[in-house]
Amino acid sequence: MNLAAPHPFSFILFGASGNLAKLKLYPALYVLALKNRLPASYSIIGYARTEMTDESFRRFIEESIRSDMIEVNEKILKDFLSHVQYQQGQYDDVEDFKKLRKKLDDTSVRLAYLSIPPQSYTTVIENLNRAKVHEGGGAFRCIVEKPVGHDLKSFEEIHSTLLKSFKEEEIYLLDHYLGKEAFRNIYYLRFANPILERLFKNTLIHHVEISASESLGLEGRAGYFENTGTLRDMFQSHLLLMTALLTMRLRENEEGLRESRLNALEQIYLPPAPNLNDIVLQGQYTSGKIGREHVVGYSEEQDIEDHSRTNTFIALQLLTRISRWEGVPFYLKSGKRLDKKETRISFQFQEPHSIGKGSTPNRLDIILQGEAGMKVYLQTKVGGTEPEFRPLIMEDPLVCHGDCLPEHALLLLEAIHGKQEWFVSFPEVRAAWRLIDPLQSHLEKPDTPLYPYGAGSTGPKEMEGWIKKEGAGWF
Ligand code: BG6
């Protein structure tokens, strides 16, 4: 089914001049226009502190779309831009929100999208409410980007402010990984391939590696990242949700999806260890080369403190109480300024039968980003009297066939439709912070090591010994 916006809507974007809006949201909205998924009547209203007119804001959006697309359809772009307006305003001034309110018509669905630092959430939510931006139109949706909060405590504050201002069904917590076709495929692959379900159990699987490498650095988001770090930025939502999708119990209908994910998140735990350094390792990039480009180290980046201890790389070990996975270690790692962009789940199977000893254990890779595909590593005997083996790799690229939309485009359409399954629920966010908080406090202690790694490398060299101690190895 090709999902389209069925009725007029007003999309209000807080943080309209920011990086996320520029890199992801405007191109996503344009793709919806290009693919004919938008109704005849809609408006996009940017709200930010930066001084801009409607005209200069349209130029800003146009540039963001042109730099993202190989080619644009001029007619569609022109029409799309005619739906765009700008409201300059402060986040803490209710009068500015009242001016915004006047720009909204009374019939459409209203979506307020918070693409702003988590510290500003509470103020914006309260002012949306005071200025009654959510009242007087059609349905209302408040879309909040991850990470929701900075820790469990600030999450609870945002949670209660949101619930004081809006109804629970009006709130959409967005993790863009849940809008990626490849990411959702983790769930559908399990339904469509009973063979995989049979393999996914502790008697067959030795360990699982989930790895999200990025070659990009801060991309103009130093202020946000310096206060966040990789553990909160990538693990609190994307990597934990990936683990949940993989380990959760499958249900017959999508309505139970959030509950299953929640249950899986609640079953994840930190392995008992005498020292948290045995289960979490942090790093920070130094200068180096990525491809041909020489890049500076994290602490030399603009707007970053000279002696910053913010982590840009994390490796973490987790376990789950879900019975079929009991005892299988999950090794998660993610970092910025690494050698390549790749998101991958690798399953290493148990050691082969004694006759096959000496061959490499079987492995299954699901590569979600980068050279996306699935690879099965089998072993085949080479000719001769001795049982010697060589790897046989079967692979197929996982390309999206059919109705492929950018992640934010798909999620926005679902929000307009009122579909919440692929948005995160409050209890899911809470469960994730419960896991992250003790780790974050540990990493912030001055005596917890922060290992340097060169930009363009695969991460700190210490991560090799760290995982070997556990009898495993990174792929
Ligand atoms: C975002 C993080 O949620 O995800 C960024 O805030 C990160 O720091 C990005 O770069 C990665 O997303 P993607 O879609 O490029 O894998």
# chains A, B, ... in the order shown; residues from 1 in each chain; ligands from 1
>>> residues_around(residues="region 216-231 of chain A", least_positions_apart="4", cutoff="8 Å", atoms="only C-alpha atoms", output="PyMOL selection string")
chain A and resi 19+117+150+235-236+301-304+308+310-314+334-338+341+436+440
>>> residues_around(residues="Ser120 (chain A)", least_positions_apart="5", cutoff="9 Å", atoms="only C-alpha atoms", output="number ranges by chain")
A: 91-92, 125
>>> write_last_selection(atoms="C-alpha atoms", output="tab-separated table (two decimals), in the first residue's frame")
chain	number	residue	atom	x	y	z
A	91	TYR	CA	11.34	29.42	22.56
A	92	ASP	CA	10.56	31.07	25.89
A	125	ILE	CA	5.84	22.32	25.16
>>> residues_near_ligand(ligand="ligand 1", cutoff="7 Å", atoms="only C-alpha atoms and all ligand atoms", output="MDAnalysis selection string")
chainID A and resid 146 176:177 214 233:234
>>> closest_residue(among="A:Ile279, A:Ile61, A:Ile416, A:Val208", to="Gly327 (chain A)", atoms="only C-alpha atoms")
A:Val208
>>> residues_around(residues="Arg101 (chain A)", least_positions_apart="2", cutoff="10 Å", atoms="only C-alpha atoms", output="JSON, numbers by chain")
{"A": [95, 96, 97, 98, 99, 103, 104, 105, 128, 131, 132, 133, 134, 135, 136]}
>>> write_last_selection(atoms="all heavy atoms", output="compact mmCIF listing (two decimals), in the first residue's frame")
# COMPACT_ATOMS: atom_id res chain seq x y z
N GLU A 95 4.33 35.11 23.55
CA GLU A 95 3.75 36.03 22.53
C GLU A 95 4.13 35.57 21.13
O GLU A 95 3.34 35.67 20.19
CB GLU A 95 4.23 37.49 22.76
CG GLU A 95 3.71 38.11 24.06
CD GLU A 95 2.20 37.96 24.22
OE1 GLU A 95 1.47 38.20 23.24
OE2 GLU A 95 1.75 37.58 25.33
N ASP A 96 5.35 35.06 20.98
CA ASP A 96 5.79 34.57 19.66
C ASP A 96 4.97 33.33 19.25
O ASP A 96 4.66 33.12 18.08
CB ASP A 96 7.27 34.20 19.68
CG ASP A 96 8.16 35.44 19.77
OD1 ASP A 96 7.66 36.53 19.43
OD2 ASP A 96 9.33 35.32 20.19
N PHE A 97 4.60 32.52 20.25
CA PHE A 97 3.79 31.33 19.95
C PHE A 97 2.38 31.74 19.53
O PHE A 97 1.74 31.07 18.73
CB PHE A 97 3.74 30.39 21.16
CG PHE A 97 5.01 29.58 21.33
CD1 PHE A 97 6.19 30.19 21.71
CD2 PHE A 97 5.02 28.21 21.09
CE1 PHE A 97 7.36 29.46 21.86
CE2 PHE A 97 6.18 27.47 21.23
CZ PHE A 97 7.35 28.10 21.63
N LYS A 98 1.92 32.87 20.10
CA LYS A 98 0.58 33.34 19.72
C LYS A 98 0.57 33.81 18.26
O LYS A 98 -0.40 33.63 17.54
CB LYS A 98 0.12 34.46 20.66
CG LYS A 98 -0.22 33.92 22.05
CD LYS A 98 -0.77 35.01 22.95
CE LYS A 98 -0.98 34.46 24.34
NZ LYS A 98 -1.02 35.51 25.36
N LYS A 99 1.69 34.44 17.86
CA LYS A 99 1.78 34.87 16.45
C LYS A 99 1.75 33.63 15.55
O LYS A 99 1.14 33.62 14.50
CB LYS A 99 3.09 35.63 16.20
CG LYS A 99 3.11 37.00 16.82
CD LYS A 99 4.42 37.71 16.47
CE LYS A 99 4.75 38.73 17.53
NZ LYS A 99 6.17 38.91 17.76
N LYS A 103 -1.16 31.83 12.37
CA LYS A 103 -0.86 31.37 11.00
C LYS A 103 -1.56 30.05 10.66
O LYS A 103 -1.51 29.58 9.53
CB LYS A 103 0.65 31.15 10.85
CG LYS A 103 1.43 32.42 10.92
CD LYS A 103 2.82 32.26 10.36
CE LYS A 103 3.32 33.63 9.94
NZ LYS A 103 4.65 33.93 10.14
N LEU A 104 -2.17 29.43 11.68
CA LEU A 104 -2.75 28.10 11.45
C LEU A 104 -4.20 28.21 11.03
O LEU A 104 -4.95 29.01 11.60
CB LEU A 104 -2.67 27.27 12.74
CG LEU A 104 -1.26 27.08 13.29
CD1 LEU A 104 -1.31 26.47 14.68
CD2 LEU A 104 -0.44 26.21 12.35
N ASP A 105 -4.60 27.39 10.06
CA ASP A 105 -6.02 27.43 9.72
C ASP A 105 -6.75 26.44 10.64
O ASP A 105 -6.13 25.67 11.37
CB ASP A 105 -6.26 27.16 8.24
CG ASP A 105 -6.07 25.71 7.88
OD1 ASP A 105 -6.72 24.88 8.53
OD2 ASP A 105 -5.29 25.41 6.96
N LEU A 128 3.54 26.00 23.75
CA LEU A 128 2.57 25.50 22.76
C LEU A 128 1.21 25.43 23.43
O LEU A 128 0.19 25.79 22.87
CB LEU A 128 2.97 24.08 22.32
CG LEU A 128 4.01 23.95 21.21
CD1 LEU A 128 4.47 22.50 21.07
CD2 LEU A 128 3.45 24.42 19.89
N ALA A 131 -0.24 28.99 24.38
CA ALA A 131 -0.74 29.73 23.21
C ALA A 131 -1.84 28.95 22.49
O ALA A 131 -2.32 29.38 21.45
CB ALA A 131 0.42 30.03 22.26
N LYS A 132 -2.18 27.78 23.02
CA LYS A 132 -3.25 26.93 22.48
C LYS A 132 -3.03 26.56 21.01
O LYS A 132 -3.96 26.54 20.21
CB LYS A 132 -4.62 27.58 22.65
CG LYS A 132 -4.95 27.91 24.10
CD LYS A 132 -6.43 28.17 24.26
CE LYS A 132 -6.80 28.68 25.65
NZ LYS A 132 -6.12 28.07 26.77
N VAL A 133 -1.77 26.31 20.70
CA VAL A 133 -1.45 25.94 19.31
C VAL A 133 -2.12 24.61 18.96
O VAL A 133 -2.43 24.35 17.81
CB VAL A 133 0.10 25.85 19.14
CG1 VAL A 133 0.48 25.32 17.78
CG2 VAL A 133 0.72 27.22 19.36
N HIS A 134 -2.36 23.80 19.98
CA HIS A 134 -2.93 22.46 19.72
C HIS A 134 -4.45 22.48 19.65
O HIS A 134 -5.05 21.45 19.39
CB HIS A 134 -2.46 21.49 20.80
CG HIS A 134 -2.86 21.88 22.19
ND1 HIS A 134 -2.63 23.13 22.70
CD2 HIS A 134 -3.50 21.19 23.16
CE1 HIS A 134 -3.08 23.19 23.94
NE2 HIS A 134 -3.62 22.02 24.23
N GLU A 135 -5.05 23.64 19.93
CA GLU A 135 -6.52 23.64 19.97
C GLU A 135 -7.12 24.33 18.76
O GLU A 135 -6.50 25.18 18.15
CB GLU A 135 -6.99 24.37 21.23
CG GLU A 135 -6.79 23.53 22.46
CD GLU A 135 -7.20 24.25 23.72
OE1 GLU A 135 -7.81 25.34 23.64
OE2 GLU A 135 -6.88 23.72 24.80
N GLY A 136 -8.33 23.96 18.45
CA GLY A 136 -9.08 24.69 17.42
C GLY A 136 -8.90 24.18 16.01
O GLY A 136 -9.51 24.69 15.09
>>> residues_around(residues="region 377-386 of chain A", least_positions_apart="3", cutoff="8 Å", atoms="only C-alpha atoms", output="list in words")
Ser359, Thr360, Asn362, Arg363, Leu364, Phe389, Arg390, Pro391, Leu392, Ile393 and Met394 of chain A
>>> residues_around(residues="Phe183 (chain A)", least_positions_apart="6", cutoff="10 Å", atoms="only C-alpha atoms", output="list in words")
His176, Tyr177, His238, Leu241, Met242, Leu245, Thr343, Ile366, Ile367, Leu368, Gln369 and Glu407 of chain A
>>> write_last_selection(atoms="N, CA, C and O atoms", output="PDB file, in the first residue's frame")
ATOM      1  N   HIS A 176      14.429   7.985  14.372  1.00  0.00           N
ATOM      2  CA  HIS A 176      14.333   7.832  12.908  1.00  0.00           C
ATOM      3  C   HIS A 176      14.748   6.438  12.438  1.00  0.00           C
ATOM      4  O   HIS A 176      14.374   6.016  11.358  1.00  0.00           O
ATOM      5  N   TYR A 177      15.495   5.687  13.295  1.00  0.00           N
ATOM      6  CA  TYR A 177      15.848   4.322  12.884  1.00  0.00           C
ATOM      7  C   TYR A 177      14.587   3.464  12.724  1.00  0.00           C
ATOM      8  O   TYR A 177      14.555   2.559  11.912  1.00  0.00           O
ATOM      9  N   HIS A 238      18.712   4.123  19.323  1.00  0.00           N
ATOM     10  CA  HIS A 238      18.878   3.282  18.118  1.00  0.00           C
ATOM     11  C   HIS A 238      19.352   1.850  18.437  1.00  0.00           C
ATOM     12  O   HIS A 238      18.750   0.876  18.009  1.00  0.00           O
ATOM     13  N   LEU A 241      16.980  -0.265  20.669  1.00  0.00           N
ATOM     14  CA  LEU A 241      15.772  -0.672  19.938  1.00  0.00           C
ATOM     15  C   LEU A 241      16.088  -1.787  18.940  1.00  0.00           C
ATOM     16  O   LEU A 241      15.287  -2.685  18.707  1.00  0.00           O
ATOM     17  N   MET A 242      17.277  -1.711  18.361  1.00  0.00           N
ATOM     18  CA  MET A 242      17.691  -2.769  17.428  1.00  0.00           C
ATOM     19  C   MET A 242      17.779  -4.100  18.166  1.00  0.00           C
ATOM     20  O   MET A 242      17.320  -5.126  17.688  1.00  0.00           O
ATOM     21  N   LEU A 245      14.212  -5.315  18.837  1.00  0.00           N
ATOM     22  CA  LEU A 245      13.514  -5.879  17.663  1.00  0.00           C
ATOM     23  C   LEU A 245      13.992  -7.292  17.352  1.00  0.00           C
ATOM     24  O   LEU A 245      13.252  -8.128  16.874  1.00  0.00           O
ATOM     25  N   THR A 343      25.989  -0.129   9.320  1.00  0.00           N
ATOM     26  CA  THR A 343      25.209  -0.618  10.467  1.00  0.00           C
ATOM     27  C   THR A 343      24.970  -2.093  10.215  1.00  0.00           C
ATOM     28  O   THR A 343      24.417  -2.462   9.179  1.00  0.00           O
ATOM     29  N   ILE A 366      23.527  -9.317   8.899  1.00  0.00           N
ATOM     30  CA  ILE A 366      22.464  -8.505   8.295  1.00  0.00           C
ATOM     31  C   ILE A 366      23.020  -7.082   8.289  1.00  0.00           C
ATOM     32  O   ILE A 366      23.242  -6.483   9.346  1.00  0.00           O
ATOM     33  N   ILE A 367      23.306  -6.590   7.086  1.00  0.00           N
ATOM     34  CA  ILE A 367      23.914  -5.258   6.980  1.00  0.00           C
ATOM     35  C   ILE A 367      22.804  -4.278   6.610  1.00  0.00           C
ATOM     36  O   ILE A 367      22.201  -4.378   5.542  1.00  0.00           O
ATOM     37  N   LEU A 368      22.505  -3.380   7.541  1.00  0.00           N
ATOM     38  CA  LEU A 368      21.341  -2.511   7.368  1.00  0.00           C
ATOM     39  C   LEU A 368      21.694  -1.224   6.627  1.00  0.00           C
ATOM     40  O   LEU A 368      20.866  -0.648   5.945  1.00  0.00           O
ATOM     41  N   GLN A 369      22.905  -0.758   6.802  1.00  0.00           N
ATOM     42  CA  GLN A 369      23.340   0.456   6.114  1.00  0.00           C
ATOM     43  C   GLN A 369      24.761   0.237   5.662  1.00  0.00           C
ATOM     44  O   GLN A 369      25.489  -0.540   6.251  1.00  0.00           O
ATOM     45  N   GLU A 407      13.389   7.744   5.856  1.00  0.00           N
ATOM     46  CA  GLU A 407      12.810   7.399   7.160  1.00  0.00           C
ATOM     47  C   GLU A 407      11.878   8.480   7.728  1.00  0.00           C
ATOM     48  O   GLU A 407      10.792   8.188   8.214  1.00  0.00           O
TER      49      GLU A 407
END
>>> closest_residue(among="A:Ser108, A:Asn73, A:Thr203, A:Thr458", to="Ala5 (chain A)", atoms="only C-alpha atoms")
A:Ser108
>>> residues_around(residues="Glu342 (chain A)", least_positions_apart="2", cutoff="6 Å", atoms="only C-alpha atoms", output="number ranges by chain")
A: 212-213, 369-370
>>> write_last_selection(atoms="N, CA and C atoms", output="PDB file, in the first residue's frame")
ATOM      1  N   ALA A 212      27.311   0.018  14.752  1.00  0.00           N
ATOM      2  CA  ALA A 212      26.856   1.175  13.962  1.00  0.00           C
ATOM      3  C   ALA A 212      28.043   2.136  13.837  1.00  0.00           C
ATOM      4  N   SER A 213      28.746   2.029  12.723  1.00  0.00           N
ATOM      5  CA  SER A 213      29.923   2.891  12.528  1.00  0.00           C
ATOM      6  C   SER A 213      29.535   4.069  11.660  1.00  0.00           C
ATOM      7  N   GLN A 369      22.905  -0.758   6.802  1.00  0.00           N
ATOM      8  CA  GLN A 369      23.340   0.456   6.114  1.00  0.00           C
ATOM      9  C   GLN A 369      24.761   0.237   5.662  1.00  0.00           C
ATOM     10  N   GLY A 370      25.177   0.985   4.654  1.00  0.00           N
ATOM     11  CA  GLY A 370      26.469   0.750   4.045  1.00  0.00           C
ATOM     12  C   GLY A 370      26.174  -0.111   2.830  1.00  0.00           C
TER      13      GLY A 370
END
>>> closest_residue(among="A:Leu265, A:Leu435, A:Ala182, A:Ala455", to="Gly297 (chain A)", atoms="only C-alpha atoms")
A:Ala455
>>> atom_distance(atom1="CA of Phe14 (chain A)", atom2="CA of Pro118 (chain A)")
11.9 Å
>>> atom_distance(atom1="CA of Pro438 (chain A)", atom2="CA of Ile143 (chain A)")
27.7 Å
>>> residues_around(residues="region 198-200 of chain A", least_positions_apart="6", cutoff="10 Å", atoms="only C-alpha atoms", output="number ranges by chain")
A: 190, 246-247, 324-325, 347, 349
>>> closest_atom_pairs(of="region 393-433 of chain A", to="region 163-169 of chain A", cutoff="10 Å", atoms="only C-alpha atoms", output="tab-separated table")
residue	atom	partner	partner_atom	distance
A:Gly418	CA	A:Glu169	CA	8.4
A:Lys419	CA	A:Glu169	CA	9.9
A:Gln420	CA	A:Glu169	CA	8.4
A:Ser425	CA	A:Glu168	CA	9.6
A:Phe426	CA	A:Glu168	CA	9.3
>>> write_last_selection(atoms="N, CA, C and O atoms", output="compact mmCIF listing (two decimals), in the first residue's frame")
# COMPACT_ATOMS: atom_id res chain seq x y z
N GLY A 418 -1.96 8.99 12.24
CA GLY A 418 -2.23 8.60 13.62
C GLY A 418 -1.76 7.18 13.92
O GLY A 418 -2.26 6.54 14.84
N LYS A 419 -0.78 6.69 13.17
CA LYS A 419 -0.25 5.34 13.40
C LYS A 419 0.96 5.45 14.34
O LYS A 419 1.94 6.11 14.01
N GLN A 420 0.88 4.78 15.47
CA GLN A 420 1.96 5.00 16.46
C GLN A 420 2.92 3.82 16.65
O GLN A 420 3.87 3.94 17.41
N SER A 425 7.29 4.37 22.72
CA SER A 425 6.36 4.73 23.79
C SER A 425 7.15 5.26 25.00
O SER A 425 8.36 5.01 25.12
N PHE A 426 6.47 5.95 25.91
CA PHE A 426 7.15 6.45 27.12
C PHE A 426 7.80 5.32 27.91
O PHE A 426 8.96 5.43 28.32
>>> select_by_dssp(residues="region 78-240 of chain A", states="alpha helix (DSSP H)", output="PyMOL selection string")
chain A and resi 78-81+94-102+121-130+152-165+181-192+194-199+222-226+229-230+240
>>> closest_residue(among="A:Gln87, A:Glu71, A:Leu152, A:Gly402", to="Glu55 (chain A)", atoms="only C-alpha atoms")
A:Gln87
>>> decode(residues="region 460-471 of chain A", atoms="all heavy atoms", output="short mmCIF file (atom, residue, chain, number, x, y, z; two decimals), in the first residue's frame")
data_model
loop_
_atom_site.label_atom_id
_atom_site.label_comp_id
_atom_site.auth_asym_id
_atom_site.auth_seq_id
_atom_site.Cartn_x
_atom_site.Cartn_y
_atom_site.Cartn_z
N PRO A 460 39.17 2.39 19.25
CA PRO A 460 40.35 2.27 20.12
C PRO A 460 40.92 0.85 20.08
O PRO A 460 40.15 -0.11 20.04
CB PRO A 460 39.80 2.56 21.52
CG PRO A 460 38.40 3.00 21.36
CD PRO A 460 37.94 2.70 19.98
N LYS A 461 42.24 0.73 20.11
CA LYS A 461 42.83 -0.62 20.03
C LYS A 461 42.47 -1.45 21.27
O LYS A 461 42.39 -2.67 21.22
CB LYS A 461 44.34 -0.57 19.78
CG LYS A 461 45.14 0.14 20.85
CD LYS A 461 46.61 0.12 20.46
CE LYS A 461 47.55 0.75 21.48
NZ LYS A 461 47.05 1.73 22.44
N GLU A 462 42.19 -0.78 22.38
CA GLU A 462 41.86 -1.49 23.63
C GLU A 462 40.60 -2.34 23.49
O GLU A 462 40.35 -3.25 24.26
CB GLU A 462 41.66 -0.51 24.79
CG GLU A 462 42.92 0.16 25.29
CD GLU A 462 43.42 1.27 24.38
OE1 GLU A 462 42.73 1.60 23.40
OE2 GLU A 462 44.52 1.80 24.65
N MET A 463 39.77 -2.03 22.48
CA MET A 463 38.51 -2.80 22.38
C MET A 463 38.78 -4.25 21.97
O MET A 463 37.96 -5.11 22.19
CB MET A 463 37.54 -2.14 21.40
CG MET A 463 37.92 -2.27 19.95
SD MET A 463 36.74 -1.34 18.97
CE MET A 463 37.02 -2.07 17.37
N GLU A 464 39.96 -4.52 21.40
CA GLU A 464 40.27 -5.89 20.99
C GLU A 464 40.46 -6.78 22.22
O GLU A 464 39.84 -7.81 22.37
CB GLU A 464 41.54 -5.93 20.11
CG GLU A 464 41.41 -5.17 18.80
CD GLU A 464 40.26 -5.64 17.92
OE1 GLU A 464 39.84 -6.80 18.07
OE2 GLU A 464 39.77 -4.83 17.10
N GLY A 465 41.33 -6.34 23.13
CA GLY A 465 41.58 -7.11 24.34
C GLY A 465 40.32 -7.22 25.19
O GLY A 465 40.04 -8.25 25.80
N TRP A 466 39.55 -6.16 25.19
CA TRP A 466 38.31 -6.08 25.99
C TRP A 466 37.36 -7.21 25.60
O TRP A 466 36.80 -7.88 26.44
CB TRP A 466 37.69 -4.71 25.72
CG TRP A 466 36.42 -4.40 26.43
CD1 TRP A 466 36.29 -3.90 27.69
CD2 TRP A 466 35.10 -4.54 25.91
NE1 TRP A 466 34.96 -3.72 27.99
CE2 TRP A 466 34.20 -4.10 26.91
CE3 TRP A 466 34.56 -4.97 24.70
CZ2 TRP A 466 32.82 -4.09 26.74
CZ3 TRP A 466 33.20 -4.97 24.53
CH2 TRP A 466 32.35 -4.54 25.54
N ILE A 467 37.20 -7.44 24.31
CA ILE A 467 36.25 -8.46 23.86
C ILE A 467 36.90 -9.86 23.92
O ILE A 467 36.23 -10.85 24.20
CB ILE A 467 35.68 -8.14 22.46
CG1 ILE A 467 34.45 -9.01 22.17
CG2 ILE A 467 36.70 -8.31 21.36
CD1 ILE A 467 33.71 -8.66 20.90
N LYS A 468 38.19 -9.94 23.70
CA LYS A 468 38.88 -11.25 23.71
C LYS A 468 38.75 -11.90 25.08
O LYS A 468 38.61 -13.11 25.20
CB LYS A 468 40.34 -11.09 23.33
CG LYS A 468 40.53 -11.22 21.83
CD LYS A 468 41.90 -11.76 21.46
CE LYS A 468 42.05 -11.67 19.97
NZ LYS A 468 42.59 -10.36 19.53
N LYS A 469 38.81 -11.07 26.12
CA LYS A 469 38.66 -11.59 27.48
C LYS A 469 37.39 -12.42 27.60
O LYS A 469 37.26 -13.30 28.42
CB LYS A 469 38.52 -10.39 28.45
CG LYS A 469 39.81 -9.96 29.03
CD LYS A 469 39.63 -9.15 30.32
CE LYS A 469 38.56 -8.11 30.20
NZ LYS A 469 38.59 -6.87 30.78
N GLU A 470 36.40 -12.07 26.77
CA GLU A 470 35.10 -12.73 26.83
C GLU A 470 35.04 -13.94 25.91
O GLU A 470 34.00 -14.54 25.71
CB GLU A 470 33.99 -11.75 26.40
CG GLU A 470 33.94 -10.49 27.19
CD GLU A 470 33.50 -10.75 28.62
OE1 GLU A 470 32.67 -11.65 28.81
OE2 GLU A 470 34.01 -10.06 29.52
N GLY A 471 36.14 -14.24 25.23
CA GLY A 471 36.16 -15.40 24.33
C GLY A 471 35.49 -15.11 23.00
O GLY A 471 35.08 -16.01 22.29
#
